[in-house]
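Novice: As input, take final-v7.txt (compact mmCIF, C-alpha atoms):
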# COMPACT_ATOMS: atom_id res chain seq x y z
CA MET A 1 0.00 0.00 0.00
CA ALA A 2 2.80 2.42 0.88
CA GLY A 3 3.98 4.29 -2.19
CA GLU A 4 0.81 3.58 -4.16
CA SER A 5 -1.19 6.51 -5.47
CA ILE A 6 -4.47 7.48 -3.87
CA GLY A 7 -6.82 10.09 -5.27
CA VAL A 8 -8.64 12.86 -3.46
CA ILE A 9 -11.83 14.25 -4.98
CA ALA A 10 -11.68 17.55 -3.15
CA GLY A 11 -14.20 20.20 -2.24
CA GLY A 12 -13.58 23.21 -0.03
CA GLY A 13 -12.28 23.56 3.51
CA GLN A 14 -9.27 22.11 5.28
CA PHE A 15 -10.26 18.43 5.14
CA PRO A 16 -8.46 17.71 1.83
CA LEU A 17 -5.27 19.36 3.13
CA LEU A 18 -5.37 17.37 6.38
CA PHE A 19 -5.81 14.15 4.41
CA ILE A 20 -2.95 14.94 2.05
CA ALA A 21 -0.58 15.41 4.99
CA ALA A 22 -1.75 12.25 6.76
CA ALA A 23 -1.69 10.06 3.64
CA ARG A 24 1.77 11.25 2.64
CA ALA A 25 3.00 10.59 6.20
CA ALA A 26 1.70 7.04 5.70
CA GLY A 27 3.83 6.76 2.56
CA ARG A 28 1.11 7.26 -0.04
CA ARG A 29 1.45 9.31 -3.20
CA VAL A 30 -1.53 11.69 -3.28
CA VAL A 31 -3.15 13.14 -6.41
CA VAL A 32 -6.04 15.57 -6.18
CA VAL A 33 -9.05 16.34 -8.32
CA ALA A 34 -9.77 19.92 -7.25
CA HIS A 35 -12.99 21.82 -7.99
CA ARG A 36 -12.71 25.37 -9.30
CA GLY A 37 -14.31 27.89 -6.98
CA GLU A 38 -14.37 25.43 -4.07
CA THR A 39 -11.01 23.78 -3.36
CA ASP A 40 -8.20 25.61 -1.56
CA PRO A 41 -5.43 26.36 -4.11
CA GLN A 42 -2.89 25.20 -1.50
CA VAL A 43 -3.65 21.60 -2.50
CA ALA A 44 -1.51 22.20 -5.59
CA GLU A 45 1.48 22.83 -3.32
CA GLU A 46 0.87 19.94 -0.93
CA ALA A 47 -0.19 17.11 -3.27
CA ASP A 48 1.93 15.09 -5.69
CA GLY A 49 -0.36 16.07 -8.54
CA VAL A 50 -3.52 18.07 -9.12
CA CYS A 51 -6.18 18.35 -11.82
CA TRP A 52 -8.60 21.28 -11.70
CA VAL A 53 -12.14 20.51 -12.86
CA LYS A 54 -15.57 22.12 -12.96
CA LEU A 55 -18.59 20.50 -11.38
CA GLY A 56 -19.91 17.82 -13.68
CA GLN A 57 -16.67 16.79 -15.43
CA LEU A 58 -16.92 13.17 -14.33
CA GLY A 59 -15.18 11.78 -17.39
CA ARG A 60 -12.16 14.00 -16.74
CA VAL A 61 -12.06 12.87 -13.10
CA ILE A 62 -11.97 9.21 -14.10
CA SER A 63 -9.34 9.77 -16.81
CA TYR A 64 -7.07 11.70 -14.44
CA LEU A 65 -7.22 9.06 -11.69
CA HIS A 66 -6.51 6.31 -14.22
CA ASN A 67 -3.58 8.25 -15.70
CA GLU A 68 -2.10 8.78 -12.23
CA GLY A 69 -2.45 5.10 -11.31
CA ALA A 70 -4.88 5.82 -8.47
CA ALA A 71 -6.97 2.70 -7.89
CA GLU A 72 -8.38 4.22 -4.69
CA THR A 73 -9.92 7.60 -3.97
CA VAL A 74 -11.68 9.52 -1.20
CA PHE A 75 -14.33 12.26 -1.25
CA LEU A 76 -13.29 15.13 1.03
CA GLY A 77 -14.44 18.69 1.65
CA THR A 78 -17.51 20.72 0.92
CA ILE A 79 -19.29 21.64 -2.29
CA THR A 80 -21.72 24.57 -2.18
CA LYS A 81 -24.89 22.59 -2.80
CA THR A 82 -26.82 25.39 -4.48
CA ARG A 83 -24.22 25.36 -7.27
CA ILE A 84 -25.79 22.11 -8.46
CA PHE A 85 -28.62 24.22 -9.87
CA ARG A 86 -26.46 27.03 -11.27
CA ASP A 87 -22.92 26.07 -12.21
CA VAL A 88 -22.88 22.45 -13.33
CA LEU A 89 -21.94 21.79 -16.96
CA PRO A 90 -22.07 17.99 -17.07
CA ASP A 91 -20.02 16.08 -19.60
CA PHE A 92 -21.52 13.09 -21.38
CA LYS A 93 -20.63 10.61 -18.62
CA ALA A 94 -22.03 12.87 -15.87
CA LEU A 95 -25.19 13.67 -17.83
CA SER A 96 -25.85 9.99 -18.42
CA LEU A 97 -25.42 9.29 -14.71
CA TRP A 98 -27.56 12.28 -13.67
CA ASN A 99 -30.48 11.12 -15.78
CA LYS A 100 -30.46 7.76 -13.97
CA ILE A 101 -30.81 9.31 -10.50
CA ASP A 102 -34.43 9.61 -9.42
CA ARG A 103 -33.83 11.59 -6.20
CA LYS A 104 -31.36 14.47 -6.58
CA GLN A 105 -30.32 14.40 -2.92
CA ASP A 106 -26.90 14.13 -1.30
CA ASP A 107 -26.69 10.41 -0.65
CA ALA A 108 -28.28 9.40 -3.94
CA ILE A 109 -25.92 11.60 -5.98
CA LEU A 110 -22.77 10.61 -4.11
CA ARG A 111 -23.60 6.91 -4.10
CA ALA A 112 -24.22 7.06 -7.85
CA ILE A 113 -20.87 8.76 -8.47
CA ALA A 114 -19.11 6.25 -6.22
CA GLN A 115 -20.76 3.40 -8.10
CA ALA A 116 -19.61 4.89 -11.41
CA LEU A 117 -16.03 5.20 -10.14
CA GLU A 118 -16.00 1.65 -8.82
CA GLY A 119 -17.36 0.48 -12.15
CA GLU A 120 -14.16 1.97 -13.61
CA GLY A 121 -11.99 0.05 -11.13
CA ILE A 122 -11.51 2.96 -8.70
CA VAL A 123 -12.42 2.00 -5.13
CA VAL A 124 -13.96 4.76 -3.00
CA ARG A 125 -12.58 4.56 0.55
CA GLU A 126 -13.98 5.96 3.79
CA SER A 127 -13.32 9.67 4.29
CA THR A 128 -11.76 9.03 7.72
CA LEU A 129 -8.94 6.96 6.24
CA TYR A 130 -5.74 8.03 8.10
CA LEU A 131 -7.82 10.59 10.06
CA ASP A 132 -9.65 8.71 12.81
CA HIS A 133 -8.32 11.26 15.31
CA LEU A 134 -10.70 13.85 13.82
CA LEU A 135 -13.82 11.95 14.93
CA PHE A 136 -15.87 13.90 17.48
CA PRO A 137 -15.10 12.64 21.02
CA ALA A 138 -17.72 11.60 23.57
CA GLY A 139 -18.51 13.69 26.61
CA ILE A 140 -18.65 17.35 27.57
CA LEU A 141 -15.72 19.28 26.07
CA THR A 142 -16.35 22.65 27.70
CA ARG A 143 -16.46 24.12 31.19
CA ALA A 144 -20.21 24.74 30.91
CA LYS A 145 -22.54 21.75 31.26
CA PRO A 146 -26.11 21.38 29.98
CA ASN A 147 -28.86 22.11 32.48
CA ARG A 148 -32.02 20.05 32.82
CA GLN A 149 -33.99 21.91 30.12
CA GLN A 150 -31.06 21.77 27.72
CA ARG A 151 -30.74 18.03 28.26
CA HIS A 152 -34.41 17.66 27.35
CA ASP A 153 -33.82 19.77 24.24
CA ILE A 154 -30.83 17.66 23.22
CA LEU A 155 -32.98 14.52 23.39
CA PHE A 156 -35.82 16.23 21.52
CA GLY A 157 -33.48 17.66 18.88
CA TRP A 158 -31.77 14.28 18.47
CA GLN A 159 -35.07 12.63 17.56
CA GLN A 160 -35.95 15.38 15.09
CA ALA A 161 -32.50 15.36 13.48
CA ARG A 162 -32.64 11.58 13.07
CA GLY A 163 -35.97 12.03 11.34
CA ILE A 164 -34.78 14.55 8.76
CA GLY A 165 -31.63 12.46 8.26
CA ALA A 166 -33.75 9.42 7.40
CA LEU A 167 -35.36 11.54 4.68
CA ASP A 168 -31.91 12.68 3.45
CA ILE A 169 -32.84 16.33 4.06
CA GLY A 170 -30.08 17.34 6.47
CA GLN A 171 -28.23 16.46 9.66
CA CYS A 172 -28.85 19.41 11.98
CA VAL A 173 -31.72 21.07 13.83
CA VAL A 174 -32.01 24.14 16.04
CA VAL A 175 -34.44 23.78 18.95
CA LYS A 176 -35.53 25.61 22.10
CA GLU A 177 -37.83 24.45 24.89
CA GLY A 178 -39.20 21.56 22.86
CA THR A 179 -39.80 23.57 19.69
CA VAL A 180 -38.05 23.09 16.35
CA LEU A 181 -36.84 26.48 15.12
CA ALA A 182 -34.83 25.49 12.05
CA VAL A 183 -34.11 22.37 10.03
CA GLU A 184 -31.01 22.05 7.90
CA ALA A 185 -31.57 21.55 4.20
CA ILE A 186 -29.45 22.57 1.23
CA GLU A 187 -28.18 25.79 2.88
CA GLY A 188 -25.92 23.99 5.39
CA THR A 189 -25.35 24.05 9.14
CA ASP A 190 -24.04 27.59 9.57
CA ALA A 191 -27.02 29.18 7.82
CA THR A 192 -29.38 26.94 9.79
CA ILE A 193 -27.87 28.09 13.09
CA LEU A 194 -28.19 31.76 12.15
CA ARG A 195 -31.78 31.31 10.99
CA GLY A 196 -32.74 29.33 14.10
CA GLY A 197 -31.10 31.86 16.38
CA GLU A 198 -32.89 34.73 14.70
CA LEU A 199 -36.23 32.98 15.19
CA GLY A 200 -35.68 31.71 18.72
CA GLY A 201 -33.50 34.35 20.28
CA GLU A 202 -30.81 33.50 22.81
CA LYS A 203 -30.11 30.10 24.37
CA VAL A 204 -31.00 27.94 21.38
CA VAL A 205 -29.73 24.36 21.24
CA VAL A 206 -28.11 22.93 18.10
CA VAL A 207 -28.10 19.17 17.56
CA LYS A 208 -26.17 17.52 14.73
CA VAL A 209 -26.22 13.77 14.08
CA LYS A 210 -25.38 11.27 11.38
CA LYS A 211 -28.02 10.05 8.99
CA PRO A 212 -29.36 6.54 9.64
CA GLY A 213 -27.14 4.18 7.67
CA GLN A 214 -24.54 6.95 7.19
CA ASP A 215 -21.98 6.02 4.55
CA PHE A 216 -18.53 6.89 5.93
CA ARG A 217 -17.26 7.41 2.39
CA PHE A 218 -18.88 10.83 2.15
CA ASP A 219 -20.96 13.59 3.72
CA LEU A 220 -20.09 12.92 7.37
CA PRO A 221 -21.43 15.61 9.71
CA ALA A 222 -18.70 18.13 10.53
CA THR A 223 -18.33 20.95 13.04
CA GLY A 224 -15.54 23.29 14.05
CA LEU A 225 -14.58 26.81 15.01
CA ASN A 226 -16.98 28.50 12.58
CA THR A 227 -19.87 26.46 13.99
CA VAL A 228 -19.27 27.83 17.49
CA ARG A 229 -18.67 31.36 16.21
CA ASN A 230 -22.04 31.34 14.46
CA LEU A 231 -23.74 29.92 17.55
CA ALA A 232 -22.13 32.67 19.64
CA ARG A 233 -23.41 35.31 17.17
CA VAL A 234 -26.99 34.38 17.99
CA GLY A 235 -26.40 33.90 21.73
CA GLY A 236 -26.82 30.12 21.47
CA ALA A 237 -26.34 27.85 24.45
CA VAL A 238 -25.54 24.30 23.32
CA LEU A 239 -23.87 22.41 20.49
CA ALA A 240 -24.58 18.68 20.77
CA VAL A 241 -22.95 16.41 18.18
CA GLU A 242 -23.03 12.65 17.72
CA ALA A 243 -19.72 11.28 19.01
CA GLY A 244 -17.66 8.94 16.87
CA GLN A 245 -19.90 9.49 13.85
CA SER A 246 -18.95 13.04 12.86
CA LEU A 247 -15.85 15.15 12.32
CA LEU A 248 -14.41 17.83 14.58
CA PHE A 249 -11.99 20.41 13.14
CA ASP A 250 -9.89 22.91 15.10
CA ARG A 251 -10.78 21.27 18.42
CA LYS A 252 -8.56 23.40 20.64
CA GLU A 253 -9.67 26.70 19.09
CA MET A 254 -13.31 25.61 18.97
CA VAL A 255 -13.43 24.67 22.65
CA ALA A 256 -11.66 27.91 23.64
CA ALA A 257 -14.23 29.96 21.68
CA ALA A 258 -17.09 28.00 23.26
CA ASN A 259 -15.70 28.56 26.76
CA ALA A 260 -15.34 32.29 26.08
CA ALA A 261 -18.99 32.46 24.97
CA GLY A 262 -20.34 30.20 27.71
CA ILE A 263 -21.51 27.61 25.17
CA VAL A 264 -21.84 23.92 26.03
CA VAL A 265 -20.19 21.57 23.54
CA VAL A 266 -20.94 17.91 24.05
CA GLY A 267 -20.31 14.70 22.14
CA VAL A 268 -23.39 12.50 22.57
CA ARG A 269 -23.48 8.73 22.34
CA GLU A 270 -26.55 6.59 21.76
CA SER A 271 -26.70 3.38 23.81
CA ALA A 272 -28.09 0.09 22.57
CA ASP A 273 -31.45 0.81 24.20
CA GLY A 274 -31.73 4.19 22.46
CA SER A 275 -30.95 6.34 25.50
CA LEU A 276 -28.45 9.20 25.13
CA LEU A 277 -25.20 9.44 27.07
CA LEU A 278 -23.89 12.98 27.55
CA GLU A 279 -21.12 12.45 30.08
Just give me the structure as structure tokens.
Specialist:
Amino acid sequence: MAGESIGVIAGGGQFPLLFIAAARAAGRRVVVVAHRGETDPQVAEEADGVCWVKLGQLGRVISYLHNEGAAETVFLGTITKTRIFRDVLPDFKALSLWNKIDRKQDDAILRAIAQALEGEGIVVRESTLYLDHLLFPAGILTRAKPNRQQRHDILFGWQQARGIGALDIGQCVVVKEGTVLAVEAIEGTDATILRGGELGGEKVVVVKVKKPGQDFRFDLPATGLNTVRNLARVGGAVLAVEAGQSLLFDRKEMVAAANAAGIVVVGVRESADGSLLLE
């Protein structure tokens, strides 16, 4: 495995850069398919090779990975979802695939692309490959702890978030005193937090969980410093995230920002009987 090429199909954010460093430390040669307008240009400096593409150039992606000898690849980083309706110019291979997808939702699209890649002999690996240390830890990470009402809201929000996840709508909800204020859809977590905070005022609770049957190859829930900053902007009280099933970036800086704002950050585990463990 060491020395063999692995591909990265990269969106935005720091995740692709973290993977490149970890994979190269493990002895892998890393080649990146970078998306114009999304991927950090620094990938060109850190990777062993890079190919810049526009959304929808699936044939070019496959050709590049084949030419670089990459029989494995990972999906990493974010793509602005609303661009699907504005900026995609699909090539023949992508258009053919798109027309076969009945539900144009995250999982359906990504699973179809992964199936197309694997049909070309390119195995799609889990996005946490070499990066297990980024999984959200269990327990309370901050000085502040959830009070009784907030614990009730975490349980309530967990059930609602699981429900929208089962429908492949989103992974995050904003709640307060047993009321759903905002549900994440195509706009993403940060916009959902700001909208929920505007509607509910201070002390809202944000709950983010995996989708039932979450595929670790793509679209894992992710939180970090910006999540807490946005929650602080609206005077939010709690960020509760499913432990071990989501990603945490900038942990030290995120916890420091939460402590400064008096925000509770907790990694929640679900026991076999369905009860939630917060400690």
Novice: Between A:Gly37, A:Gly244, A:Gly56, A:Gly201, single out the one closest to Thr80 in chain A, counting all atoms listed in the file.
Specialist: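 Among the listed residues, the smallest separation from Thr80 in chain A belongs to A:Gly37.
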Novice: Considering only C-alpha atoms, can you say which of A:Arg195, A:Lys252, A:Arg269, A:Arg60 comes closest to Val183 in chain A?
Specialist: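 Of A:Arg195, A:Lys252, A:Arg269, A:Arg60, the one nearest Val183 in chain A is A:Arg195, counting only C-alpha atoms.
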Novice: Report, in Å with one decimal, the straight-line distance from CA of Gly121 in chain A to CA of Ala222 in chain A.
Specialist: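 CA of Ala222 in chain A lies 29.0 Å from CA of Gly121 in chain A.
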Novice: Find the residues near Glu279 in chain A: any atom within 12 Å, counting all atoms listed in the file, skip ones fewer than 5 places away on the same chain, and give them as a PyMOL selection string.
Specialist: chain A and resi 137-142+145-146+151+240+243+265-270
Novice: Please produce an output containing C-alpha atoms for each residue in the selection, written as a PDB file, in the frame of the given file.
Specialist:
ATOM      1  CA  PRO A 137     -15.100  12.640  21.020  1.00  0.00           C
ATOM      2  CA  ALA A 138     -17.720  11.600  23.570  1.00  0.00           C
ATOM      3  CA  GLY A 139     -18.510  13.690  26.610  1.00  0.00           C
ATOM      4  CA  ILE A 140     -18.650  17.350  27.570  1.00  0.00           C
ATOM      5  CA  LEU A 141     -15.720  19.280  26.070  1.00  0.00           C
ATOM      6  CA  THR A 142     -16.350  22.650  27.700  1.00  0.00           C
ATOM      7  CA  LYS A 145     -22.540  21.750  31.260  1.00  0.00           C
ATOM      8  CA  PRO A 146     -26.110  21.380  29.980  1.00  0.00           C
ATOM      9  CA  ARG A 151     -30.740  18.030  28.260  1.00  0.00           C
ATOM     10  CA  ALA A 240     -24.580  18.680  20.770  1.00  0.00           C
ATOM     11  CA  ALA A 243     -19.720  11.280  19.010  1.00  0.00           C
ATOM     12  CA  VAL A 265     -20.190  21.570  23.540  1.00  0.00           C
ATOM     13  CA  VAL A 266     -20.940  17.910  24.050  1.00  0.00           C
ATOM     14  CA  GLY A 267     -20.310  14.700  22.140  1.00  0.00           C
ATOM     15  CA  VAL A 268     -23.390  12.500  22.570  1.00  0.00           C
ATOM     16  CA  ARG A 269     -23.480   8.730  22.340  1.00  0.00           C
ATOM     17  CA  GLU A 270     -26.550   6.590  21.760  1.00  0.00           C
TER      18      GLU A 270
END
Novice: Interatomic distance between CA of Leu276 in chain A and CA of Leu225 in chain A?
Specialist: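 Computing it gives 24.6 Å between the two atoms.
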Novice: If you count only C-alpha atoms, which residues fall within 10 Å of range 255-263 of chain A, apart from same-chain ones fewer than 3 positions away, as a short mmCIF file (atom, residue, chain, number, x, y, z; two decimals) with C-alpha atoms, keeping the file's coordinate frame?
Specialist:
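Heads up, here's the output in part14.cif:
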data_model
loop_
_atom_site.label_atom_id
_atom_site.label_comp_id
_atom_site.auth_asym_id
_atom_site.auth_seq_id
_atom_site.Cartn_x
_atom_site.Cartn_y
_atom_site.Cartn_z
CA LEU A 141 -15.72 19.28 26.07
CA THR A 142 -16.35 22.65 27.70
CA ARG A 143 -16.46 24.12 31.19
CA ALA A 144 -20.21 24.74 30.91
CA LYS A 145 -22.54 21.75 31.26
CA PRO A 146 -26.11 21.38 29.98
CA LYS A 203 -30.11 30.10 24.37
CA VAL A 205 -29.73 24.36 21.24
CA GLY A 224 -15.54 23.29 14.05
CA LEU A 225 -14.58 26.81 15.01
CA ASN A 226 -16.98 28.50 12.58
CA THR A 227 -19.87 26.46 13.99
CA VAL A 228 -19.27 27.83 17.49
CA ARG A 229 -18.67 31.36 16.21
CA LEU A 231 -23.74 29.92 17.55
CA ALA A 232 -22.13 32.67 19.64
CA ARG A 233 -23.41 35.31 17.17
CA GLY A 235 -26.40 33.90 21.73
CA GLY A 236 -26.82 30.12 21.47
CA ALA A 237 -26.34 27.85 24.45
CA VAL A 238 -25.54 24.30 23.32
CA LEU A 239 -23.87 22.41 20.49
CA ASP A 250 -9.89 22.91 15.10
CA ARG A 251 -10.78 21.27 18.42
CA LYS A 252 -8.56 23.40 20.64
CA VAL A 266 -20.94 17.91 24.05
#
